[in-house]
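Text of start_18.cif, listed as mmCIF, C-alpha atoms (C1' of nucleotides):
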data_coords
loop_
_atom_site.label_atom_id
_atom_site.label_comp_id
_atom_site.auth_asym_id
_atom_site.auth_seq_id
_atom_site.Cartn_x
_atom_site.Cartn_y
_atom_site.Cartn_z
CA MET A 1255 -29.89 17.14 -3.90
CA VAL A 1256 -30.20 13.74 -5.53
CA SER A 1257 -30.75 10.48 -3.75
CA GLY A 1258 -30.56 6.86 -4.69
CA VAL A 1259 -30.01 3.34 -3.53
CA LEU A 1260 -27.11 0.99 -4.05
CA LYS A 1261 -27.36 -2.76 -3.76
CA ALA A 1262 -24.93 -4.08 -1.13
CA SER A 1263 -25.33 -6.47 1.77
CA LEU A 1264 -23.50 -6.03 5.05
CA ASN A 1265 -21.26 -8.98 4.13
CA GLU A 1266 -20.24 -7.30 0.91
CA LEU A 1267 -19.74 -3.81 2.27
CA ASN A 1268 -19.69 -2.89 5.93
CA LEU A 1269 -19.57 0.90 5.82
CA SER A 1270 -18.46 1.44 9.40
CA LEU A 1271 -15.58 -1.03 9.30
CA THR A 1272 -14.48 0.02 5.82
CA LEU A 1273 -14.59 3.77 6.38
CA LEU A 1274 -12.90 3.67 9.78
CA SER A 1275 -10.21 1.15 8.92
CA GLY A 1276 -7.59 3.75 8.13
CA GLN A 1277 -7.80 3.68 4.34
CA ALA A 1278 -9.49 7.02 3.83
CA PHE A 1279 -9.47 9.81 6.37
CA ARG A 1280 -12.36 12.09 5.42
CA TRP A 1281 -15.41 10.10 6.47
CA ARG A 1282 -17.30 11.20 9.56
CA LYS A 1283 -20.42 10.03 11.29
CA ARG A 1284 -23.26 12.48 11.70
CA ASN A 1285 -24.70 13.17 15.14
CA ASP A 1286 -27.53 10.74 14.56
CA LYS A 1287 -24.88 7.97 14.44
CA GLN A 1288 -26.54 6.50 11.35
CA VAL A 1289 -25.29 8.52 8.44
CA TRP A 1290 -21.76 8.70 7.08
CA PHE A 1291 -20.70 12.03 5.65
CA GLY A 1292 -17.76 12.34 3.26
CA VAL A 1293 -16.27 13.58 0.03
CA ILE A 1294 -15.38 11.62 -3.10
CA ASP A 1295 -13.53 13.85 -5.56
CA SER A 1296 -15.86 16.86 -5.88
CA PHE A 1297 -18.96 15.06 -4.62
CA VAL A 1298 -20.24 15.39 -1.08
CA PHE A 1299 -22.22 12.42 0.14
CA ASP A 1300 -24.42 11.20 2.94
CA LEU A 1301 -24.42 7.39 3.09
CA ARG A 1302 -26.61 5.18 5.23
CA GLN A 1303 -26.35 1.45 5.46
CA ASN A 1304 -29.67 -0.38 5.48
CA ALA A 1305 -28.78 -3.87 6.60
CA GLU A 1306 -32.30 -5.32 6.34
CA LEU A 1307 -32.84 -4.21 2.76
CA GLN A 1308 -29.18 -4.91 1.89
CA THR A 1309 -28.70 -1.45 0.48
CA ILE A 1310 -26.65 1.69 0.85
CA GLU A 1311 -28.91 4.73 0.69
CA TRP A 1312 -27.05 7.73 -0.65
CA THR A 1313 -27.64 11.43 -1.02
CA LEU A 1314 -25.45 13.67 -3.13
CA LEU A 1315 -25.47 16.91 -1.18
CA ASN A 1316 -23.85 19.28 -3.66
CA HIS A 1317 -25.46 18.23 -6.90
CA ALA A 1318 -26.14 21.74 -8.16
CA SER A 1319 -22.71 23.08 -7.33
CA ASN A 1320 -20.33 20.22 -8.04
CA GLY A 1321 -17.43 20.82 -10.40
CA ASN A 1322 -18.70 18.51 -13.12
CA LYS A 1323 -21.03 20.86 -14.91
CA ARG A 1324 -20.80 19.46 -18.39
CA ARG A 1325 -24.05 17.63 -17.95
CA LYS A 1326 -26.40 16.88 -15.15
CA LEU A 1327 -25.63 13.62 -13.46
CA ASN A 1328 -28.48 11.21 -13.09
CA GLU A 1329 -29.01 8.54 -10.48
CA GLU A 1330 -27.22 5.92 -12.53
CA ASP A 1331 -24.10 8.06 -12.96
CA ILE A 1332 -23.83 8.55 -9.24
CA ASN A 1333 -24.39 4.87 -8.55
CA ASP A 1334 -21.43 4.24 -10.86
CA ILE A 1335 -19.25 6.67 -8.92
CA LEU A 1336 -20.01 4.78 -5.71
CA ILE A 1337 -19.62 1.35 -7.28
CA ASP A 1338 -16.19 2.41 -8.48
CA TYR A 1339 -15.15 3.97 -5.16
CA PHE A 1340 -16.26 0.97 -3.12
CA ASN A 1341 -14.88 -1.51 -5.64
CA LEU A 1342 -18.22 -3.30 -5.75
CA ASN A 1343 -17.54 -5.38 -8.85
CA TYR A 1344 -15.97 -8.20 -6.80
CA SER A 1345 -17.77 -10.60 -4.52
CA LEU A 1346 -16.19 -10.19 -1.13
CA SER A 1347 -18.01 -13.08 0.52
CA ASP A 1348 -16.59 -15.47 -2.07
CA LEU A 1349 -13.11 -14.23 -1.27
CA TYR A 1350 -13.74 -14.55 2.49
CA ASN A 1351 -14.71 -18.19 1.93
CA GLU A 1352 -11.53 -18.89 0.00
CA TRP A 1353 -9.32 -17.17 2.57
CA SER A 1354 -11.05 -18.96 5.46
CA LYS A 1355 -10.31 -22.30 3.82
CA VAL A 1356 -6.59 -21.64 3.51
CA ASP A 1357 -6.02 -19.82 6.80
CA GLU A 1358 -7.25 -20.82 10.26
CA ASN A 1359 -6.48 -17.48 11.79
CA PHE A 1360 -8.45 -15.67 9.10
CA ALA A 1361 -11.37 -18.07 9.56
CA LYS A 1362 -11.47 -17.23 13.25
CA ILE A 1363 -11.38 -13.47 12.76
CA ALA A 1364 -13.59 -13.15 9.68
CA PRO A 1365 -17.05 -13.61 11.26
CA ASN A 1366 -16.51 -10.50 13.38
CA PHE A 1367 -15.12 -8.47 10.51
CA LEU A 1368 -17.35 -9.13 7.53
CA GLY A 1369 -17.60 -6.60 4.74
CA VAL A 1370 -14.20 -4.92 5.04
CA ARG A 1371 -13.54 -3.71 1.50
CA VAL A 1372 -10.51 -2.10 -0.05
CA LEU A 1373 -11.56 1.21 -1.59
CA ARG A 1374 -10.54 2.47 -5.01
CA GLN A 1375 -9.50 5.98 -4.13
CA ASN A 1376 -8.21 9.00 -5.95
CA PRO A 1377 -4.43 8.33 -6.16
CA HIS A 1378 -3.39 11.89 -5.29
CA GLU A 1379 -5.47 11.96 -2.14
CA ASN A 1380 -4.30 8.46 -1.28
CA LEU A 1381 -0.63 9.36 -1.74
CA LEU A 1382 -0.62 12.59 0.25
CA SER A 1383 -2.73 11.10 3.03
CA PHE A 1384 -0.29 8.27 3.54
CA ILE A 1385 2.75 10.53 3.41
CA CYS A 1386 1.08 12.06 6.47
CA SER A 1387 0.63 8.67 8.09
CA SER A 1388 4.23 8.02 9.10
CA ASN A 1389 4.77 7.77 12.83
CA ASN A 1390 1.26 9.04 13.31
CA ASN A 1391 -2.21 7.92 14.38
CA ILE A 1392 -5.47 7.80 12.46
CA GLN A 1393 -7.09 10.53 14.52
CA ARG A 1394 -4.36 13.05 13.88
CA ILE A 1395 -3.98 12.06 10.23
CA SER A 1396 -7.69 12.80 9.77
CA LYS A 1397 -7.31 16.24 11.34
CA MET A 1398 -4.30 17.03 9.18
CA ILE A 1399 -6.06 15.98 5.97
CA GLU A 1400 -9.08 18.09 6.85
CA SER A 1401 -6.93 21.18 7.42
CA LEU A 1402 -5.08 20.49 4.16
CA CYS A 1403 -8.40 20.47 2.30
CA THR A 1404 -9.64 23.60 4.03
CA LYS A 1405 -6.50 25.54 3.16
CA TYR A 1406 -5.83 24.34 -0.40
CA GLY A 1407 -8.97 22.63 -1.69
CA THR A 1408 -11.83 24.00 -3.79
CA PHE A 1409 -14.87 25.06 -1.77
CA LEU A 1410 -17.77 22.66 -2.38
CA MET A 1411 -20.61 23.53 -0.02
CA THR A 1412 -21.60 24.44 3.52
CA ASP A 1413 -23.05 21.67 5.63
CA ASP A 1414 -25.31 22.38 8.62
CA GLU A 1415 -23.35 20.06 10.85
CA PHE A 1416 -19.79 20.14 9.54
CA GLY A 1417 -19.56 23.66 8.10
CA ASP A 1418 -17.58 24.55 4.98
CA ILE A 1419 -16.53 21.52 2.95
CA HIS A 1420 -13.63 21.55 0.50
CA ALA A 1421 -12.41 19.09 -2.09
CA PHE A 1422 -9.05 17.43 -1.67
CA PRO A 1423 -6.45 19.85 -3.11
CA GLU A 1424 -5.19 19.62 -6.66
CA ILE A 1425 -1.48 18.81 -6.81
CA LYS A 1426 -0.91 22.17 -8.51
CA ALA A 1427 -2.25 23.98 -5.46
CA LEU A 1428 0.53 22.46 -3.36
CA CYS A 1429 3.36 23.54 -5.61
CA ASN A 1430 4.01 27.14 -4.58
CA ALA A 1431 6.96 28.20 -2.45
CA ASP A 1432 5.13 28.83 0.84
CA VAL A 1433 3.54 25.41 1.14
CA GLU A 1434 6.19 23.85 3.36
CA ALA A 1435 6.18 26.71 5.87
CA ASP A 1436 2.39 26.90 5.87
CA LEU A 1437 2.05 23.18 6.51
CA ARG A 1438 4.46 23.52 9.45
CA LYS A 1439 2.16 26.13 10.91
CA LEU A 1440 -0.73 23.71 10.47
CA GLY A 1441 1.09 21.11 12.56
CA PHE A 1442 2.30 18.77 9.83
CA GLY A 1443 5.78 18.64 11.39
CA TYR A 1444 8.54 17.04 9.36
CA ARG A 1445 5.99 15.80 6.82
CA SER A 1446 5.61 19.36 5.51
CA LYS A 1447 8.75 19.04 3.43
CA PHE A 1448 7.73 15.61 2.10
CA ILE A 1449 4.36 16.92 0.90
CA ALA A 1450 5.78 20.03 -0.73
CA LYS A 1451 8.56 18.07 -2.43
CA SER A 1452 6.40 15.17 -3.61
CA ALA A 1453 3.72 17.51 -4.94
CA LYS A 1454 6.35 19.22 -7.09
CA MET A 1455 7.72 15.89 -8.29
CA VAL A 1456 4.27 14.59 -9.25
CA GLU A 1457 3.45 17.85 -11.03
CA GLU A 1458 6.76 17.68 -12.89
CA LYS A 1459 6.07 14.11 -14.03
CA SER A 1460 2.56 15.01 -15.17
CA LYS A 1461 3.36 17.40 -18.00
CA THR A 1462 1.63 15.34 -20.68
CA THR A 1463 -0.51 12.80 -18.83
CA GLU A 1464 -1.52 12.37 -15.23
CA TRP A 1465 1.49 10.39 -14.11
CA LEU A 1466 0.13 8.95 -10.88
CA LEU A 1467 -3.09 7.75 -12.51
CA SER A 1468 -1.11 6.17 -15.35
CA LEU A 1469 0.52 3.82 -12.81
CA ARG A 1470 -2.79 1.92 -12.81
CA GLU A 1471 -1.72 0.53 -16.18
CA LYS A 1472 1.69 -0.62 -14.94
CA LYS A 1473 2.71 -3.79 -13.20
CA TYR A 1474 2.85 -3.81 -9.41
CA ASP A 1475 6.64 -3.95 -9.13
CA ASP A 1476 7.10 -1.04 -11.54
CA ALA A 1477 4.44 1.12 -9.91
CA HIS A 1478 5.91 0.38 -6.46
CA PHE A 1479 9.41 1.29 -7.59
CA GLU A 1480 8.29 4.54 -9.20
CA LEU A 1481 6.33 5.63 -6.15
CA MET A 1482 9.35 5.08 -3.92
CA GLN A 1483 11.25 7.79 -5.81
CA LEU A 1484 8.95 10.36 -4.18
CA SER A 1485 9.88 12.16 -0.99
CA GLY A 1486 8.47 10.64 2.18
CA VAL A 1487 7.45 7.49 0.35
CA GLY A 1488 9.07 4.25 1.50
CA ALA A 1489 8.03 0.68 0.81
CA LYS A 1490 5.04 0.83 3.13
CA VAL A 1491 3.45 4.04 1.84
CA ALA A 1492 4.11 2.93 -1.75
CA ASP A 1493 2.24 -0.28 -1.01
CA CYS A 1494 -0.68 1.63 0.49
CA VAL A 1495 -1.02 3.66 -2.71
CA CYS A 1496 -0.62 0.57 -4.90
CA LEU A 1497 -3.34 -1.27 -2.98
CA MET A 1498 -5.85 1.48 -2.28
CA SER A 1499 -5.89 3.48 -5.49
CA LEU A 1500 -3.79 1.82 -8.20
CA ASP A 1501 -5.58 -1.54 -8.49
CA LYS A 1502 -2.63 -3.59 -7.19
CA SER A 1503 -4.50 -6.06 -5.00
CA GLU A 1504 -1.31 -8.04 -4.37
CA ALA A 1505 0.34 -5.12 -2.55
CA ILE A 1506 0.83 -5.73 1.18
CA PRO A 1507 1.59 -2.67 3.31
CA VAL A 1508 3.65 -3.99 6.22
CA ASP A 1509 3.25 -1.62 9.15
CA THR A 1510 3.43 -2.03 12.92
CA HIS A 1511 0.07 -3.82 13.05
CA VAL A 1512 0.80 -6.22 10.22
CA TRP A 1513 4.22 -6.84 11.72
CA GLN A 1514 2.56 -7.71 15.05
CA ILE A 1515 0.12 -10.07 13.35
CA ALA A 1516 2.81 -11.71 11.23
CA THR A 1517 5.28 -12.36 14.03
CA LYS A 1518 2.55 -13.57 16.37
CA MET A 1519 0.52 -15.75 14.03
CA TYR A 1520 2.62 -16.70 11.03
CA LEU A 1521 6.36 -16.03 11.17
CA PRO A 1522 7.51 -16.27 14.80
CA HIS A 1523 11.16 -16.56 13.82
CA LEU A 1524 11.06 -12.89 12.80
CA LYS A 1525 10.50 -11.85 16.42
CA LYS A 1526 14.22 -11.77 16.96
CA ASN A 1527 14.54 -8.93 14.44
CA LYS A 1528 15.46 -5.63 16.01
CA SER A 1529 13.73 -3.65 13.31
CA LEU A 1530 11.74 -4.12 10.14
CA THR A 1531 14.47 -4.47 7.52
CA ASP A 1532 13.84 -4.49 3.77
CA LYS A 1533 14.40 -8.21 3.80
CA ALA A 1534 11.91 -8.89 6.60
CA TYR A 1535 9.42 -6.56 4.96
CA LYS A 1536 9.57 -8.61 1.78
CA GLU A 1537 9.35 -11.87 3.68
CA VAL A 1538 6.12 -10.81 5.42
CA ALA A 1539 4.58 -9.45 2.22
CA ASP A 1540 5.54 -12.55 0.22
CA PHE A 1541 4.08 -14.77 2.92
CA PHE A 1542 0.71 -13.01 2.65
CA ARG A 1543 0.79 -13.19 -1.15
CA HIS A 1544 1.62 -16.87 -1.12
CA ARG A 1545 -1.07 -17.73 1.38
CA PHE A 1546 -3.94 -15.55 0.19
CA GLY A 1547 -3.36 -15.34 -3.56
CA ASP A 1548 -3.68 -12.49 -6.00
CA LYS A 1549 -6.07 -10.51 -3.82
CA ALA A 1550 -3.83 -10.90 -0.76
CA GLY A 1551 -3.92 -7.17 -0.12
CA TRP A 1552 -7.63 -7.41 0.47
CA ALA A 1553 -7.24 -10.22 2.98
CA HIS A 1554 -4.49 -8.25 4.66
CA SER A 1555 -6.90 -5.34 5.13
CA VAL A 1556 -9.33 -7.53 7.04
CA LEU A 1557 -6.59 -8.69 9.40
CA PHE A 1558 -5.28 -5.16 9.75
CA CYS A 1559 -8.73 -3.91 10.62
CA SER A 1560 -9.14 -6.58 13.28
CA ASP A 1561 -5.91 -5.41 14.94
CA LEU A 1562 -6.92 -1.74 15.20
CA ARG A 1563 -7.42 -0.63 18.77
CA GLN A 1564 -10.81 0.92 18.21
CA PHE A 1565 -12.20 -2.36 16.91
CA LYS A 1566 -10.78 -4.58 19.65
CA LYS A 1567 -13.23 -5.64 22.29
"C1'" DG B 554 22.01 -3.23 7.55
"C1'" DC B 555 21.41 -0.61 11.68
"C1'" DC B 556 20.49 3.32 14.43
"C1'" DG B 557 18.84 7.93 15.81
"C1'" DA B 558 16.20 11.85 14.63
"C1'" DC B 559 12.05 13.64 13.24
"C1'" DC B 560 6.76 16.97 14.54
"C1'" DC B 561 3.04 16.39 17.33
"C1'" DT B 562 -0.68 14.55 20.44
"C1'" DG B 563 -3.35 11.65 23.47
"C1'" DG B 564 -3.14 8.01 26.87
"C1'" DC B 565 -1.30 6.31 30.92
"C1'" DA B 566 1.61 5.73 35.04
"C1'" DT C 831 5.52 15.53 34.68
"C1'" DG C 832 7.54 12.14 31.94
"C1'" DC C 833 7.28 8.54 28.80
"C1'" DC C 834 5.60 6.15 24.88
"C1'" DA C 835 3.34 4.83 20.70
"C1'" DG C 836 0.92 6.07 16.74
"C1'" DG C 837 -0.75 2.42 9.48
"C1'" DG C 838 7.47 5.29 8.71
"C1'" DT C 839 11.17 7.58 6.23
"C1'" DC C 840 15.63 9.54 5.74
"C1'" DG C 841 20.54 10.22 6.31
"C1'" DG C 842 24.79 8.88 8.34
#

As structure tokens - that is how I would like this structure written.
Amino acid sequence: MVSGVLKASLNELNLSLTLLSGQAFRWRKRNDKQVWFGVIDSFVFDLRQNAELQTIEWTLLNHASNGNKRRKLNEEDINDILIDYFNLNYSLSDLYNEWSKVDENFAKIAPNFLGVRVLRQNPHENLLSFICSSNNNIQRISKMIESLCTKYGTFLMTDDEFGDIHAFPEIKALCNADVEADLRKLGFGYRSKFIAKSAKMVEEKSKTTEWLLSLREKKYDDAHFELMQLSGVGAKVADCVCLMSLDKSEAIPVDTHVWQIATKMYLPHLKKNKSLTDKAYKEVADFFRHRFGDKAGWAHSVLFCSDLRQFKK
DNA sequence: GCCGACCCTGGCA
DNA sequence: TGCCAGGGTCGG
């Protein structure tokens, strides 16, 4: 076990809001209600927010057994992993100030939702998680992801409270013929086919370089278009992946919540729409980009978070 | 561009 | 018990 401390105030990173806001689905609170338990790549972490000291106290639980055995990781290496995952190289409070100036609605909501950060996730995990998200709720998505890891992911460690912990599966592990049927048995429903198909497509595109990761170097429009060629990936899921793991902070995933917010607060004329057409989707997304600027996706995440049922008072 | 179908589950009447 | 919504997508 290794432990360390990361500098981060509650305004810059609110762990509870960020980890429960439906970006990542593998974070759980320990029984003591203080410590967050989760997996980043092959690293299993306990995280505790210390608001007074403005720090995140972390413990790497599987230091001896993690997959990266080339050299022993020191405290600084692990700090870097967390800084990268939590995207800590931007000042969030500065952005909140800018967004509050240009948007009354944001200014009203922001004080109750400080520190909602967009994570920088592993693109494969991000993609497959959000293929599971269609017509689904956060609670069930989390259960599905956990069973996916247990069945196909590398064993990492056994935790006293949560039992055997596995890494998120490699794409390769989801490419054999039985995957679709097995996922059906695990309760993935019609998403089973999407996962099996998309895994094969990603694997096929990754013969020389990791295709999905390489989309970080492409422009937003191109990355979005390429993602939409995958099975079970429409405009919304493609935007989730662009925003949450491919560094496209201008991506705006327009889902039921964002649609509610947009028609209520910003674009009332869209209420007459029977369904969310491609055209309306683009209108909502463009509105957010125009109002909030090049990090509009981050502002969107704050508003999305405020609309989640579990966070409403 | 507009439906309806799609797996499954928890909440609510 | 029945109905509906939950971070949608696909095919006709």

Do you know which residues are at most 10 Å from range 1291-1299 of chain A counting all atoms listed in the file, after dropping those on the same chain fewer than 3 positions away, and could you put them as a count of residues only? 43

Pull out every residue that the PyMOL selection byres ((chain C and resi 839) around 7) matches in the shown coordinates and put them as a ChimeraX atom specification. /A:1486-1488 /C:838,840

Let me see the file: selected residues, C-alpha atoms (C1' of nucleotides), as a compact mmCIF listing (two decimals), in the coordinates of the input.
# COMPACT_ATOMS: atom_id res chain seq x y z
CA GLY A 1486 8.47 10.64 2.18
CA VAL A 1487 7.45 7.49 0.35
CA GLY A 1488 9.07 4.25 1.50
C1' DG C 838 7.47 5.29 8.71
C1' DC C 840 15.63 9.54 5.74

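Using the PyMOL selection byres ((chain A) within 9 of (chain B)) on this structure selects Asn1390, Arg1394, Arg1438, Gly1441, Phe1442, Gly1443, Tyr1444, Arg1445, Lys1528, Ser1529 and Thr1531 of chain A.
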
Please, could you write that set of residues out with C-alpha atoms as a PDB file, keeping the file's coordinate frame?
ATOM      1  CA  ASN A1390       1.260   9.040  13.310  1.00  0.00           C
ATOM      2  CA  ARG A1394      -4.360  13.050  13.880  1.00  0.00           C
ATOM      3  CA  ARG A1438       4.460  23.520   9.450  1.00  0.00           C
ATOM      4  CA  GLY A1441       1.090  21.110  12.560  1.00  0.00           C
ATOM      5  CA  PHE A1442       2.300  18.770   9.830  1.00  0.00           C
ATOM      6  CA  GLY A1443       5.780  18.640  11.390  1.00  0.00           C
ATOM      7  CA  TYR A1444       8.540  17.040   9.360  1.00  0.00           C
ATOM      8  CA  ARG A1445       5.990  15.800   6.820  1.00  0.00           C
ATOM      9  CA  LYS A1528      15.460  -5.630  16.010  1.00  0.00           C
ATOM     10  CA  SER A1529      13.730  -3.650  13.310  1.00  0.00           C
ATOM     11  CA  THR A1531      14.470  -4.470   7.520  1.00  0.00           C
TER      12      THR A1531
END

Counting all atoms listed in the file, which residues of chain A sit at most 10 Å from some atom of chain C, and what is each one's closest atom pair with its distance in Å to one decimal, listed by chain and rising residue number, as a tab-separated table?
residue	atom	partner	partner_atom	distance
A:Ser1275	CA	C:DG837	C1'	9.6
A:Gly1276	CA	C:DG837	C1'	7.1
A:Gln1277	CA	C:DG837	C1'	8.8
A:Phe1384	CA	C:DG837	C1'	8.3
A:Ile1385	CA	C:DG838	C1'	8.8
A:Cys1386	CA	C:DG838	C1'	9.6
A:Ser1387	CA	C:DG837	C1'	6.5
A:Ser1388	CA	C:DG838	C1'	4.3
A:Asn1389	CA	C:DG838	C1'	5.5
A:Asn1390	CA	C:DG836	C1'	4.5
A:Asn1391	CA	C:DG836	C1'	4.3
A:Ile1392	CA	C:DG837	C1'	7.8
A:Gln1393	CA	C:DG836	C1'	9.4
A:Arg1394	CA	C:DG836	C1'	9.2
A:Arg1445	CA	C:DT839	C1'	9.7
A:Phe1448	CA	C:DT839	C1'	9.7
A:Ser1485	CA	C:DT839	C1'	8.6
A:Gly1486	CA	C:DT839	C1'	5.7
A:Val1487	CA	C:DT839	C1'	7.0
A:Gly1488	CA	C:DT839	C1'	6.2
A:Ala1489	CA	C:DG838	C1'	9.2
A:Lys1490	CA	C:DG838	C1'	7.5
A:Val1491	CA	C:DG838	C1'	8.1
A:Cys1494	CA	C:DG837	C1'	9.0
A:Pro1507	CA	C:DG837	C1'	8.3
A:Val1508	CA	C:DG837	C1'	8.4
A:Asp1509	CA	C:DG837	C1'	5.7
A:Thr1510	CA	C:DG837	C1'	7.0
A:His1511	CA	C:DG837	C1'	7.2
A:Val1512	CA	C:DG837	C1'	8.8
A:Phe1558	CA	C:DG837	C1'	8.8
A:Leu1562	CA	C:DG837	C1'	9.4

Dump C-alpha atoms for the selected residues as a JSON list (two decimals), in the frame of the given file?
[["chain", "number", "residue", "atom", "x", "y", "z"],
["A", 1275, "SER", "CA", -10.21, 1.15, 8.92],
["A", 1276, "GLY", "CA", -7.59, 3.75, 8.13],
["A", 1277, "GLN", "CA", -7.80, 3.68, 4.34],
["A", 1384, "PHE", "CA", -0.29, 8.27, 3.54],
["A", 1385, "ILE", "CA", 2.75, 10.53, 3.41],
["A", 1386, "CYS", "CA", 1.08, 12.06, 6.47],
["A", 1387, "SER", "CA", 0.63, 8.67, 8.09],
["A", 1388, "SER", "CA", 4.23, 8.02, 9.10],
["A", 1389, "ASN", "CA", 4.77, 7.77, 12.83],
["A", 1390, "ASN", "CA", 1.26, 9.04, 13.31],
["A", 1391, "ASN", "CA", -2.21, 7.92, 14.38],
["A", 1392, "ILE", "CA", -5.47, 7.80, 12.46],
["A", 1393, "GLN", "CA", -7.09, 10.53, 14.52],
["A", 1394, "ARG", "CA", -4.36, 13.05, 13.88],
["A", 1445, "ARG", "CA", 5.99, 15.80, 6.82],
["A", 1448, "PHE", "CA", 7.73, 15.61, 2.10],
["A", 1485, "SER", "CA", 9.88, 12.16, -0.99],
["A", 1486, "GLY", "CA", 8.47, 10.64, 2.18],
["A", 1487, "VAL", "CA", 7.45, 7.49, 0.35],
["A", 1488, "GLY", "CA", 9.07, 4.25, 1.50],
["A", 1489, "ALA", "CA", 8.03, 0.68, 0.81],
["A", 1490, "LYS", "CA", 5.04, 0.83, 3.13],
["A", 1491, "VAL", "CA", 3.45, 4.04, 1.84],
["A", 1494, "CYS", "CA", -0.68, 1.63, 0.49],
["A", 1507, "PRO", "CA", 1.59, -2.67, 3.31],
["A", 1508, "VAL", "CA", 3.65, -3.99, 6.22],
["A", 1509, "ASP", "CA", 3.25, -1.62, 9.15],
["A", 1510, "THR", "CA", 3.43, -2.03, 12.92],
["A", 1511, "HIS", "CA", 0.07, -3.82, 13.05],
["A", 1512, "VAL", "CA", 0.80, -6.22, 10.22],
["A", 1558, "PHE", "CA", -5.28, -5.16, 9.75],
["A", 1562, "LEU", "CA", -6.92, -1.74, 15.20]]

How many Å separate CA of Asn1343 in chain A from CA of Ile1399 in chain A? 28.4 Å

From CA of Thr1463 in chain A to CA of Leu1381 in chain A the spacing works out at 17.4 Å

Do you know which residues the PyMOL selection byres ((chain A and resi 1342) around 12) returns on this file, as a ChimeraX atom specification? /A:1260-1263,1265-1268,1310,1333-1341,1343-1347,1369-1374

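Note that CA of Leu1274 in chain A and CA of Ser1396 in chain A are 10.5 Å apart.
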
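Close contacts of Ser1560 in chain A, defined as residues with an atom at most 8 Å away when counting only C-alpha atoms (C1' of nucleotides), with chain neighbours fewer than 3 positions off set aside, comprise Ile1363, Phe1367, Val1556, Leu1557, Phe1565 and Lys1566 of chain A.
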
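When all atoms listed in the file are used to compute distances to Gln1514 in chain A, the closest of the residues A:Glu1480, A:Ala1492, A:Pro1365, A:Asp1561 turns out to be A:Asp1561.
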
Pull out range 1387-1391 of chain A, keep all heavy atoms, and write it as a PDB file, in the first residue's frame.
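Final output, saved to part29.pdb:
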ATOM      1  N   SER A1387     -25.533   2.752 -21.612  1.00  0.00           N
ATOM      2  CA  SER A1387     -26.351   3.766 -20.945  1.00  0.00           C
ATOM      3  C   SER A1387     -27.690   4.031 -21.634  1.00  0.00           C
ATOM      4  O   SER A1387     -28.571   4.658 -21.055  1.00  0.00           O
ATOM      5  CB  SER A1387     -25.574   5.085 -20.853  1.00  0.00           C
ATOM      6  OG  SER A1387     -25.529   5.727 -22.118  1.00  0.00           O
ATOM      7  N   SER A1388     -27.863   3.516 -22.852  1.00  0.00           N
ATOM      8  CA  SER A1388     -29.062   3.891 -23.595  1.00  0.00           C
ATOM      9  C   SER A1388     -30.316   3.334 -22.936  1.00  0.00           C
ATOM     10  O   SER A1388     -30.378   2.162 -22.562  1.00  0.00           O
ATOM     11  CB  SER A1388     -28.965   3.388 -25.031  1.00  0.00           C
ATOM     12  OG  SER A1388     -29.261   2.020 -25.097  1.00  0.00           O
ATOM     13  N   ASN A1389     -31.307   4.205 -22.794  1.00  0.00           N
ATOM     14  CA  ASN A1389     -32.581   3.794 -22.212  1.00  0.00           C
ATOM     15  C   ASN A1389     -32.380   3.082 -20.880  1.00  0.00           C
ATOM     16  O   ASN A1389     -32.958   2.025 -20.636  1.00  0.00           O
ATOM     17  CB  ASN A1389     -33.276   2.830 -23.174  1.00  0.00           C
ATOM     18  CG  ASN A1389     -34.747   3.097 -23.267  1.00  0.00           C
ATOM     19  OD1 ASN A1389     -35.360   3.504 -22.284  1.00  0.00           O
ATOM     20  ND2 ASN A1389     -35.310   2.881 -24.420  1.00  0.00           N
ATOM     21  N   ASN A1390     -31.550   3.636 -20.056  1.00  0.00           N
ATOM     22  CA  ASN A1390     -31.118   2.931 -18.851  1.00  0.00           C
ATOM     23  C   ASN A1390     -30.898   3.944 -17.742  1.00  0.00           C
ATOM     24  O   ASN A1390     -30.872   5.139 -17.982  1.00  0.00           O
ATOM     25  CB  ASN A1390     -29.810   2.188 -19.172  1.00  0.00           C
ATOM     26  CG  ASN A1390     -29.607   0.971 -18.305  1.00  0.00           C
ATOM     27  OD1 ASN A1390     -30.300   0.787 -17.310  1.00  0.00           O
ATOM     28  ND2 ASN A1390     -28.651   0.143 -18.679  1.00  0.00           N
ATOM     29  N   ASN A1391     -30.754   3.458 -16.514  1.00  0.00           N
ATOM     30  CA  ASN A1391     -30.484   4.381 -15.406  1.00  0.00           C
ATOM     31  C   ASN A1391     -29.136   4.102 -14.765  1.00  0.00           C
ATOM     32  O   ASN A1391     -28.585   3.016 -14.904  1.00  0.00           O
ATOM     33  CB  ASN A1391     -31.603   4.312 -14.365  1.00  0.00           C
ATOM     34  CG  ASN A1391     -31.820   2.910 -13.865  1.00  0.00           C
ATOM     35  OD1 ASN A1391     -30.950   2.352 -13.206  1.00  0.00           O
ATOM     36  ND2 ASN A1391     -32.957   2.312 -14.184  1.00  0.00           N
TER      37      ASN A1391
END
